[in-house]
>>> print(open('work_14.pdb').read())   # PDB, C-alpha atoms
ATOM      1  CA  MET A  20       6.792  -8.876 -29.388
ATOM      2  CA  ASP A  21       7.183 -12.638 -29.448
ATOM      3  CA  ARG A  22       6.028 -14.420 -26.313
ATOM      4  CA  ASP A  23       8.426 -16.745 -24.532
ATOM      5  CA  PRO A  24       7.073 -20.212 -23.726
ATOM      6  CA  ARG A  25       5.192 -20.160 -20.457
ATOM      7  CA  GLU A  26       5.835 -22.535 -17.615
ATOM      8  CA  VAL A  27       2.792 -24.729 -16.995
ATOM      9  CA  MET A  28       1.617 -25.888 -13.568
ATOM     10  CA  GLU A  29      -1.250 -28.350 -13.218
ATOM     11  CA  TYR A  30      -3.734 -28.785 -10.363
ATOM     12  CA  ASP A  31      -6.992 -30.552  -9.687
ATOM     13  CA  VAL A  32      -8.685 -27.288  -8.657
ATOM     14  CA  LEU A  33      -7.606 -23.688  -9.256
ATOM     15  CA  VAL A  34      -9.226 -20.817  -7.337
ATOM     16  CA  VAL A  35      -8.828 -17.255  -8.631
ATOM     17  CA  GLY A  36      -9.043 -14.830  -5.723
ATOM     18  CA  ALA A  37      -8.100 -15.251  -2.060
ATOM     19  CA  GLY A  38     -11.073 -13.526  -0.519
ATOM     20  CA  PRO A  39     -13.397 -15.239   1.968
ATOM     21  CA  SER A  40     -15.364 -17.023  -0.787
ATOM     22  CA  GLY A  41     -12.330 -18.370  -2.643
ATOM     23  CA  LEU A  42     -10.612 -19.474   0.540
ATOM     24  CA  SER A  43     -13.827 -21.092   1.823
ATOM     25  CA  ALA A  44     -14.069 -23.118  -1.382
ATOM     26  CA  ALA A  45     -10.434 -24.218  -1.130
ATOM     27  CA  ILE A  46     -10.784 -25.184   2.538
ATOM     28  CA  ARG A  47     -13.989 -27.165   1.989
ATOM     29  CA  LEU A  48     -12.560 -29.054  -0.982
ATOM     30  CA  LYS A  49      -9.509 -30.108   1.017
ATOM     31  CA  GLN A  50     -11.684 -31.083   3.985
ATOM     32  CA  LEU A  51     -13.819 -33.320   1.774
ATOM     33  CA  ALA A  52     -10.788 -34.861   0.101
ATOM     34  CA  ASN A  53      -9.080 -35.530   3.423
ATOM     35  CA  GLU A  54     -12.248 -37.093   4.855
ATOM     36  CA  ALA A  55     -12.399 -39.403   1.835
ATOM     37  CA  GLY A  56      -8.696 -40.211   2.038
ATOM     38  CA  GLN A  57      -8.088 -38.767  -1.413
ATOM     39  CA  GLU A  58      -5.300 -36.619  -2.773
ATOM     40  CA  LEU A  59      -6.536 -33.334  -4.223
ATOM     41  CA  SER A  60      -4.243 -30.529  -5.326
ATOM     42  CA  VAL A  61      -5.798 -27.106  -4.766
ATOM     43  CA  CYS A  62      -4.161 -23.813  -5.723
ATOM     44  CA  VAL A  63      -5.295 -20.244  -4.966
ATOM     45  CA  VAL A  64      -3.880 -17.233  -6.819
ATOM     46  CA  GLU A  65      -4.311 -13.705  -5.433
ATOM     47  CA  LYS A  66      -3.490 -10.448  -7.204
ATOM     48  CA  GLY A  67      -2.728  -8.578  -3.964
ATOM     49  CA  SER A  68       0.799  -8.483  -2.588
ATOM     50  CA  GLU A  69      -0.494 -10.544   0.329
ATOM     51  CA  VAL A  70      -3.783 -12.192   1.199
ATOM     52  CA  GLY A  71      -6.111  -9.474   2.446
ATOM     53  CA  ALA A  72      -4.234  -6.610   0.791
ATOM     54  CA  HIS A  73      -7.284  -5.723  -1.341
ATOM     55  CA  LEU A  74      -9.871  -6.331   1.384
ATOM     56  CA  LEU A  75     -10.190  -2.918   3.006
ATOM     57  CA  SER A  76     -13.639  -3.353   4.477
ATOM     58  CA  GLY A  77     -14.695  -3.087   8.027
ATOM     59  CA  ALA A  78     -17.674  -5.412   8.109
ATOM     60  CA  VAL A  79     -20.448  -6.806  10.250
ATOM     61  CA  PHE A  80     -19.986 -10.549   9.935
ATOM     62  CA  GLU A  81     -22.667 -13.219  10.411
ATOM     63  CA  PRO A  82     -20.748 -16.338  11.540
ATOM     64  CA  HIS A  83     -23.190 -19.109  10.563
ATOM     65  CA  ALA A  84     -21.186 -20.202   7.505
ATOM     66  CA  LEU A  85     -17.934 -20.110   9.474
ATOM     67  CA  ASP A  86     -19.556 -22.280  12.162
ATOM     68  CA  GLU A  87     -20.192 -24.892   9.485
ATOM     69  CA  LEU A  88     -16.826 -24.572   7.753
ATOM     70  CA  ILE A  89     -14.537 -24.438  10.811
ATOM     71  CA  PRO A  90     -16.625 -25.241  13.913
ATOM     72  CA  ASP A  91     -13.706 -24.658  16.304
ATOM     73  CA  TRP A  92     -12.791 -21.256  14.879
ATOM     74  CA  LYS A  93     -12.746 -19.666  18.332
ATOM     75  CA  GLU A  94     -10.144 -22.147  19.581
ATOM     76  CA  LYS A  95      -8.136 -21.569  16.389
ATOM     77  CA  GLY A  96      -7.927 -17.833  16.982
ATOM     78  CA  ALA A  97     -10.220 -16.438  14.289
ATOM     79  CA  PRO A  98     -10.158 -12.612  14.421
ATOM     80  CA  LEU A  99     -13.776 -12.282  15.537
ATOM     81  CA  THR A 100     -13.260 -10.421  18.799
ATOM     82  CA  THR A 101     -15.853  -7.636  18.781
ATOM     83  CA  PRO A 102     -19.431  -8.923  19.157
ATOM     84  CA  ALA A 103     -22.207  -6.631  17.962
ATOM     85  CA  ARG A 104     -23.786  -5.062  21.020
ATOM     86  CA  GLU A 105     -26.136  -2.308  19.805
ATOM     87  CA  ASP A 106     -27.813  -1.330  16.523
ATOM     88  CA  ARG A 107     -28.803   2.258  15.822
ATOM     89  CA  PHE A 108     -30.668   3.330  12.698
ATOM     90  CA  LEU A 109     -30.780   7.119  12.273
ATOM     91  CA  PHE A 110     -32.591   9.483   9.918
ATOM     92  CA  LEU A 111     -30.525  12.650   9.538
ATOM     93  CA  THR A 112     -31.685  16.155   8.765
ATOM     94  CA  GLU A 113     -29.131  18.910   8.350
ATOM     95  CA  THR A 114     -28.932  19.547  12.098
ATOM     96  CA  LYS A 115     -30.732  16.691  13.847
ATOM     97  CA  ALA A 116     -30.738  12.891  14.052
ATOM     98  CA  TYR A 117     -33.921  10.895  14.637
ATOM     99  CA  LYS A 118     -33.438   7.374  15.973
ATOM    100  CA  SER A 119     -35.799   4.761  14.596
ATOM    101  CA  PRO A 120     -37.544   2.818  17.390
ATOM    102  CA  PHE A 121     -36.737  -0.333  15.428
ATOM    103  CA  ALA A 122     -34.064  -1.232  12.893
ATOM    104  CA  PRO A 123     -34.939  -2.930   9.583
ATOM    105  CA  PRO A 124     -34.871  -6.737   9.968
ATOM    106  CA  GLN A 125     -31.707  -7.092   7.847
ATOM    107  CA  MET A 126     -29.922  -4.769  10.269
ATOM    108  CA  HIS A 127     -30.548  -6.806  13.406
ATOM    109  CA  ASN A 128     -27.001  -7.857  14.258
ATOM    110  CA  HIS A 129     -27.350  -9.755  17.528
ATOM    111  CA  GLY A 130     -24.880 -12.651  17.379
ATOM    112  CA  ASN A 131     -22.753 -11.026  14.681
ATOM    113  CA  TYR A 132     -19.250  -9.569  14.917
ATOM    114  CA  ILE A 133     -17.560  -6.370  13.762
ATOM    115  CA  ILE A 134     -14.413  -7.461  11.934
ATOM    116  CA  SER A 135     -11.647  -6.508   9.570
ATOM    117  CA  LEU A 136     -12.289  -8.509   6.397
ATOM    118  CA  GLY A 137      -8.576  -8.418   5.552
ATOM    119  CA  ASN A 138      -7.650  -9.952   8.910
ATOM    120  CA  LEU A 139     -10.279 -12.661   8.466
ATOM    121  CA  ALA A 140      -8.908 -13.581   5.042
ATOM    122  CA  ARG A 141      -5.339 -13.744   6.362
ATOM    123  CA  TRP A 142      -6.469 -16.113   9.112
ATOM    124  CA  MET A 143      -8.432 -18.237   6.636
ATOM    125  CA  ALA A 144      -5.364 -18.455   4.399
ATOM    126  CA  GLY A 145      -3.454 -19.948   7.302
ATOM    127  CA  GLN A 146      -6.198 -22.524   7.847
ATOM    128  CA  ALA A 147      -6.159 -23.396   4.149
ATOM    129  CA  GLU A 148      -2.394 -23.843   4.066
ATOM    130  CA  GLU A 149      -2.544 -26.158   7.071
ATOM    131  CA  LEU A 150      -4.819 -28.376   4.989
ATOM    132  CA  GLY A 151      -2.357 -28.382   2.102
ATOM    133  CA  VAL A 152      -3.764 -25.633  -0.122
ATOM    134  CA  GLU A 153      -1.104 -23.787  -2.135
ATOM    135  CA  ILE A 154      -1.621 -19.989  -2.061
ATOM    136  CA  TYR A 155       0.292 -17.619  -4.329
ATOM    137  CA  PRO A 156      -0.195 -13.907  -3.549
ATOM    138  CA  GLY A 157       1.143 -11.386  -6.025
ATOM    139  CA  PHE A 158      -0.023 -13.483  -8.986
ATOM    140  CA  ALA A 159      -2.691 -11.646 -10.970
ATOM    141  CA  ALA A 160      -4.635 -13.834 -13.376
ATOM    142  CA  ALA A 161      -4.516 -11.959 -16.687
ATOM    143  CA  GLU A 162      -6.473 -14.196 -19.065
ATOM    144  CA  VAL A 163      -8.732 -17.227 -19.113
ATOM    145  CA  LEU A 164      -7.408 -20.276 -20.961
ATOM    146  CA  TYR A 165      -9.677 -22.567 -22.974
ATOM    147  CA  ASP A 166      -9.202 -26.073 -24.338
ATOM    148  CA  ASP A 167     -10.047 -27.325 -27.826
ATOM    149  CA  ARG A 168     -13.705 -27.799 -26.840
ATOM    150  CA  GLY A 169     -14.005 -24.223 -25.615
ATOM    151  CA  ALA A 170     -14.109 -25.223 -21.951
ATOM    152  CA  VAL A 171     -12.115 -23.332 -19.339
ATOM    153  CA  LYS A 172      -8.843 -25.099 -18.590
ATOM    154  CA  GLY A 173      -7.236 -22.539 -16.280
ATOM    155  CA  VAL A 174      -5.705 -19.074 -16.321
ATOM    156  CA  ALA A 175      -2.471 -17.386 -17.285
ATOM    157  CA  THR A 176      -0.695 -14.776 -15.177
ATOM    158  CA  GLY A 177       0.612 -11.607 -16.801
ATOM    159  CA  ASP A 178       4.164 -11.064 -17.991
ATOM    160  CA  MET A 179       6.281  -9.095 -15.512
ATOM    161  CA  GLY A 180       8.938  -6.516 -16.306
ATOM    162  CA  ILE A 181       7.306  -4.803 -19.282
ATOM    163  CA  GLY A 182       8.253  -1.128 -19.635
ATOM    164  CA  LYS A 183       5.894   1.772 -20.400
ATOM    165  CA  ASP A 184       6.926   1.506 -24.034
ATOM    166  CA  GLY A 185       5.723  -2.092 -24.146
ATOM    167  CA  GLU A 186       9.234  -3.475 -24.412
ATOM    168  CA  ARG A 187      10.873  -5.924 -22.043
ATOM    169  CA  THR A 188      13.095  -4.580 -19.283
ATOM    170  CA  ALA A 189      15.977  -6.340 -17.570
ATOM    171  CA  ASN A 190      13.441  -7.634 -15.029
ATOM    172  CA  TYR A 191      11.263  -9.345 -17.626
ATOM    173  CA  THR A 192       9.664 -12.592 -16.506
ATOM    174  CA  PRO A 193       7.102 -14.407 -18.663
ATOM    175  CA  GLY A 194       3.752 -15.281 -17.127
ATOM    176  CA  MET A 195       2.749 -18.781 -16.112
ATOM    177  CA  GLU A 196      -0.101 -21.018 -17.196
ATOM    178  CA  LEU A 197      -2.060 -22.655 -14.419
ATOM    179  CA  HIS A 198      -4.154 -25.574 -15.657
ATOM    180  CA  ALA A 199      -6.839 -27.330 -13.630
ATOM    181  CA  LYS A 200      -9.644 -29.837 -14.002
ATOM    182  CA  GLN A 201     -11.905 -27.279 -12.314
ATOM    183  CA  THR A 202     -11.371 -23.501 -12.129
ATOM    184  CA  ILE A 203     -13.304 -21.428  -9.605
ATOM    185  CA  PHE A 204     -13.514 -17.674 -10.206
ATOM    186  CA  ALA A 205     -13.845 -15.874  -6.867
ATOM    187  CA  GLU A 206     -12.436 -12.501  -7.853
ATOM    188  CA  GLY A 207     -15.338 -10.323  -6.759
ATOM    189  CA  CYS A 208     -18.676  -9.202  -8.187
ATOM    190  CA  ARG A 209     -17.087  -7.401 -11.146
ATOM    191  CA  GLY A 210     -13.832  -9.283 -11.582
ATOM    192  CA  SER A 211     -12.076  -8.611 -14.872
ATOM    193  CA  LEU A 212     -11.961 -12.278 -15.898
ATOM    194  CA  THR A 213     -15.455 -12.977 -14.609
ATOM    195  CA  LYS A 214     -16.826 -10.262 -16.902
ATOM    196  CA  THR A 215     -15.344 -12.032 -19.938
ATOM    197  CA  LEU A 216     -17.009 -15.275 -18.803
ATOM    198  CA  PHE A 217     -20.358 -13.489 -18.482
ATOM    199  CA  GLU A 218     -20.095 -12.520 -22.135
ATOM    200  CA  ARG A 219     -18.638 -15.745 -23.538
ATOM    201  CA  PHE A 220     -21.127 -18.063 -21.817
ATOM    202  CA  ASP A 221     -24.063 -15.622 -21.469
ATOM    203  CA  LEU A 222     -24.086 -16.254 -17.725
ATOM    204  CA  ARG A 223     -26.344 -13.311 -16.860
ATOM    205  CA  ARG A 224     -29.098 -14.212 -19.324
ATOM    206  CA  ASP A 225     -31.685 -15.082 -16.656
ATOM    207  CA  ALA A 226     -30.290 -12.859 -13.899
ATOM    208  CA  ASP A 227     -31.782  -9.653 -12.530
ATOM    209  CA  PRO A 228     -30.083  -6.432 -13.682
ATOM    210  CA  GLN A 229     -27.209  -5.419 -11.459
ATOM    211  CA  THR A 230     -27.461  -2.283  -9.358
ATOM    212  CA  TYR A 231     -24.494  -0.050  -8.653
ATOM    213  CA  GLY A 232     -23.348   2.304  -5.953
ATOM    214  CA  ILE A 233     -20.113   4.041  -5.063
ATOM    215  CA  GLY A 234     -18.869   3.616  -1.521
ATOM    216  CA  ILE A 235     -16.153   5.611   0.216
ATOM    217  CA  LYS A 236     -14.733   4.319   3.462
ATOM    218  CA  GLU A 237     -12.145   5.308   6.035
ATOM    219  CA  LEU A 238     -10.714   3.825   9.205
ATOM    220  CA  TRP A 239     -10.477   6.267  12.083
ATOM    221  CA  GLU A 240      -8.686   5.994  15.415
ATOM    222  CA  VAL A 241     -10.783   7.932  17.904
ATOM    223  CA  ASP A 242     -10.473   9.192  21.452
ATOM    224  CA  PRO A 243     -10.813   6.130  23.759
ATOM    225  CA  ALA A 244     -13.577   7.982  25.617
ATOM    226  CA  LYS A 245     -15.651   7.962  22.409
ATOM    227  CA  SER A 246     -14.916   4.361  21.448
ATOM    228  CA  GLN A 247     -17.844   1.991  21.948
ATOM    229  CA  PRO A 248     -16.738  -1.428  20.618
ATOM    230  CA  GLY A 249     -19.738  -3.313  19.306
ATOM    231  CA  LEU A 250     -21.819  -0.246  18.393
ATOM    232  CA  ILE A 251     -23.285  -0.330  14.854
ATOM    233  CA  VAL A 252     -24.789   2.845  13.408
ATOM    234  CA  HIS A 253     -26.471   3.193  10.008
ATOM    235  CA  THR A 254     -27.944   6.421   8.670
ATOM    236  CA  ILE A 255     -30.127   7.615   5.799
ATOM    237  CA  GLY A 256     -31.218  11.118   4.879
ATOM    238  CA  TRP A 257     -28.946  14.162   4.915
ATOM    239  CA  PRO A 258     -26.774  15.060   3.048
ATOM    240  CA  MET A 259     -28.698  13.221   0.301
ATOM    241  CA  ASP A 260     -31.757  14.934  -1.152
ATOM    242  CA  PRO A 261     -35.068  13.005  -1.218
ATOM    243  CA  LYS A 262     -34.465  11.840  -4.805
ATOM    244  CA  THR A 263     -31.004  10.372  -4.192
ATOM    245  CA  TYR A 264     -30.290   6.973  -2.677
ATOM    246  CA  GLY A 265     -27.537   7.023  -0.071
ATOM    247  CA  GLY A 266     -26.556   6.241   3.470
ATOM    248  CA  SER A 267     -23.720   5.607   5.879
ATOM    249  CA  TRP A 268     -22.308   3.267   8.461
ATOM    250  CA  LEU A 269     -20.207   3.573  11.605
ATOM    251  CA  TYR A 270     -18.777   0.348  13.050
ATOM    252  CA  HIS A 271     -16.964   0.653  16.377
ATOM    253  CA  MET A 272     -14.136  -1.907  16.481
ATOM    254  CA  GLU A 273     -11.563  -2.872  19.080
ATOM    255  CA  GLY A 274      -8.450  -0.715  19.498
ATOM    256  CA  ASN A 275     -10.423   2.573  19.439
ATOM    257  CA  LEU A 276     -10.999   2.092  15.712
ATOM    258  CA  VAL A 277     -14.139   3.090  13.813
ATOM    259  CA  SER A 278     -14.917   2.019  10.263
ATOM    260  CA  VAL A 279     -16.842   4.888   8.657
ATOM    261  CA  GLY A 280     -18.275   4.869   5.167
ATOM    262  CA  PHE A 281     -20.786   6.495   2.845
ATOM    263  CA  VAL A 282     -22.599   4.988  -0.162
ATOM    264  CA  VAL A 283     -24.355   6.795  -3.018
ATOM    265  CA  GLY A 284     -26.421   5.007  -5.659
ATOM    266  CA  LEU A 285     -25.037   5.603  -9.137
ATOM    267  CA  ASP A 286     -28.458   6.588 -10.480
ATOM    268  CA  TYR A 287     -28.200  10.064  -8.915
ATOM    269  CA  GLU A 288     -29.692  12.749 -11.178
ATOM    270  CA  ASN A 289     -27.603  15.784 -10.209
ATOM    271  CA  PRO A 290     -24.533  15.739 -12.500
ATOM    272  CA  HIS A 291     -22.688  18.073 -10.137
ATOM    273  CA  LEU A 292     -23.055  15.783  -7.123
ATOM    274  CA  SER A 293     -19.711  14.560  -5.782
ATOM    275  CA  PRO A 294     -19.970  11.467  -3.543
ATOM    276  CA  PHE A 295     -16.605  12.346  -1.982
ATOM    277  CA  GLU A 296     -17.759  15.853  -1.078
ATOM    278  CA  GLU A 297     -21.033  14.475   0.303
ATOM    279  CA  PHE A 298     -19.005  12.141   2.512
ATOM    280  CA  GLN A 299     -17.067  15.117   3.864
ATOM    281  CA  ARG A 300     -20.317  16.992   4.568
ATOM    282  CA  TYR A 301     -21.759  13.948   6.310
ATOM    283  CA  LYS A 302     -18.846  13.900   8.764
ATOM    284  CA  THR A 303     -19.705  17.464   9.885
ATOM    285  CA  HIS A 304     -23.179  16.475  11.110
ATOM    286  CA  PRO A 305     -23.576  17.125  14.879
ATOM    287  CA  ALA A 306     -24.486  13.471  15.541
ATOM    288  CA  ILE A 307     -21.490  12.207  13.582
ATOM    289  CA  ARG A 308     -18.790  14.811  14.152
TER     290      ARG A 308
END
>>> encode(input="work_14.pdb", output="C-alpha cells")
Amino acid sequence: MDRDPREVMEYDVLVVGAGPSGLSAAIRLKQLANEAGQELSVCVVEKGSEVGAHLLSGAVFEPHALDELIPDWKEKGAPLTTPAREDRFLFLTETKAYKSPFAPPQMHNHGNYIISLGNLARWMAGQAEELGVEIYPGFAAAEVLYDDRGAVKGVATGDMGIGKDGERTANYTPGMELHAKQTIFAEGCRGSLTKTLFERFDLRRDADPQTYGIGIKELWEVDPAKSQPGLIVHTIGWPMDPKTYGGSWLYHMEGNLVSVGFVVGLDYENPHLSPFEEFQRYKTHPAIR
C-alpha cells in the first residue's frame, strides 16, 4: 500500500507522553523560556483519548518536586487533598496479621499525599497549556524519525482508518510527522519507541538489569464507616509462599475510595501460580476483607 504524503509540523521541543514526567519537562521548559523572554514552541503528544486516560494508579505522592516546579500549587487547585496520616506495615499469615512496630524507611509517608495520578496529570496539563504548551491527546507516536546523520528528528503518528485486512477504509487519515530540535521520550519505563532507542543507541549498556513484576489494582468504593482517608497499608506474606516475592497496598482516598493492589515478582517458580487468583485470595484475608 502506497503511503500518502504526511503533513509535517515543526517545534522546538517535542515530548512523547503526557504523564507527570513529560508534562513536568514541558512546563519547566516554558517557564525557563518565559523567564528569559524567549519564544519556545513545545508540543506534547499523548496516546490516550485524554490526558490521564492511561494513568490508572492510586499513588502516594511525595510533593518535593512539585514544590519546586509550581510552588503555589495549593492556590492553583492541585488535586492533592488527602494527606498521609498513618502508615501500617503488616505481615500476613493465612488467618492473622502482624503489625510491624516500625515501617521500612522508604514507607514513611509523613508529608505525602494519597492521590489519583490521572487527576494530577489532567491538572498539570492545564498548567502547561496556560504557559503555551500544545497538547494533543489521541495521537499515538508510531515510529521514531531520524535525520541523515542518524539523529532523532521527531516522531510520526500512525495512519488512522486502516481495516483488519490492512486496506484503507472510508475513514482513512494518514499519520503526521512531528519534527523538533529536541525530542523527549516520556512514554513510560517500557515504552514501545523507547525500547527501539535502547537498541539503536545501546542506552542500557552500563545500566543495572531491569527487574519485573506484575501488578493488579482496583478502585473500591467502601462503606463510609470503613473509610479512613489518609491511611496507608502495605502487606507482605500470605498468600505468597516464602520463595515468592509479592505484596499489597491499600490507600484510603477521599470520597470513600480505596485503591487496592497486589504485586507479584515475575521470577516466581511455580508455573501454576496465577497472580490474579492470588489477588482474589488476598482479599479474603480477615484483616483485608
>>> residues_around(input="work_14.pdb", residues="range 99-104 of chain A", least_positions_apart="2", cutoff="7 Å", atoms="only C-alpha atoms", output="PyMOL selection string")
chain A and resi 97+128-134+248-250+272-273
>>> atom_distance(input="work_14.pdb", atom1="CA of Pro294 in chain A", atom2="CA of Pro123 in chain A")
24.6 Å
>>> resolve_selection(input="work_14.pdb", expression="the PyMOL selection byres ((chain A and resi 120) around 12)", output="list in words")
Asp106, Arg107, Phe108, Leu109, Phe110, Tyr117, Lys118, Ser119, Phe121, Ala122 and Pro123 of chain A
>>> write_last_selection(input="work_14.pdb", atoms="C-alpha atoms", output="short mmCIF file (atom, residue, chain, number, x, y, z; two decimals), keeping the file's coordinate frame")
data_model
loop_
_atom_site.label_atom_id
_atom_site.label_comp_id
_atom_site.auth_asym_id
_atom_site.auth_seq_id
_atom_site.Cartn_x
_atom_site.Cartn_y
_atom_site.Cartn_z
CA ASP A 106 -27.81 -1.33 16.52
CA ARG A 107 -28.80 2.26 15.82
CA PHE A 108 -30.67 3.33 12.70
CA LEU A 109 -30.78 7.12 12.27
CA PHE A 110 -32.59 9.48 9.92
CA TYR A 117 -33.92 10.90 14.64
CA LYS A 118 -33.44 7.37 15.97
CA SER A 119 -35.80 4.76 14.60
CA PHE A 121 -36.74 -0.33 15.43
CA ALA A 122 -34.06 -1.23 12.89
CA PRO A 123 -34.94 -2.93 9.58
#
>>> closest_residue(input="work_14.pdb", among="A:Gly151, A:Arg224, A:Glu54, A:Val64", to="Glu206 in chain A", atoms="all atoms listed in the file")
A:Val64
>>> resolve_selection(input="work_14.pdb", expression="the PyMOL selection byres ((chain A and resi 255) around 6)", output="list of chain:residue names")
A:Phe110, A:Thr254, A:Gly256, A:Gly266
>>> atom_distance(input="work_14.pdb", atom1="CA of Phe295 in chain A", atom2="CA of Trp257 in chain A")
14.3 Å
>>> resolve_selection(input="work_14.pdb", expression="the PyMOL selection byres ((chain A and resi 66-75) around 12)", output="ChimeraX atom specification")
/A:34-39,41-42,63-65,76-78,134-145,147,154-161,176-177,205-207,210-211,234-238,278-280
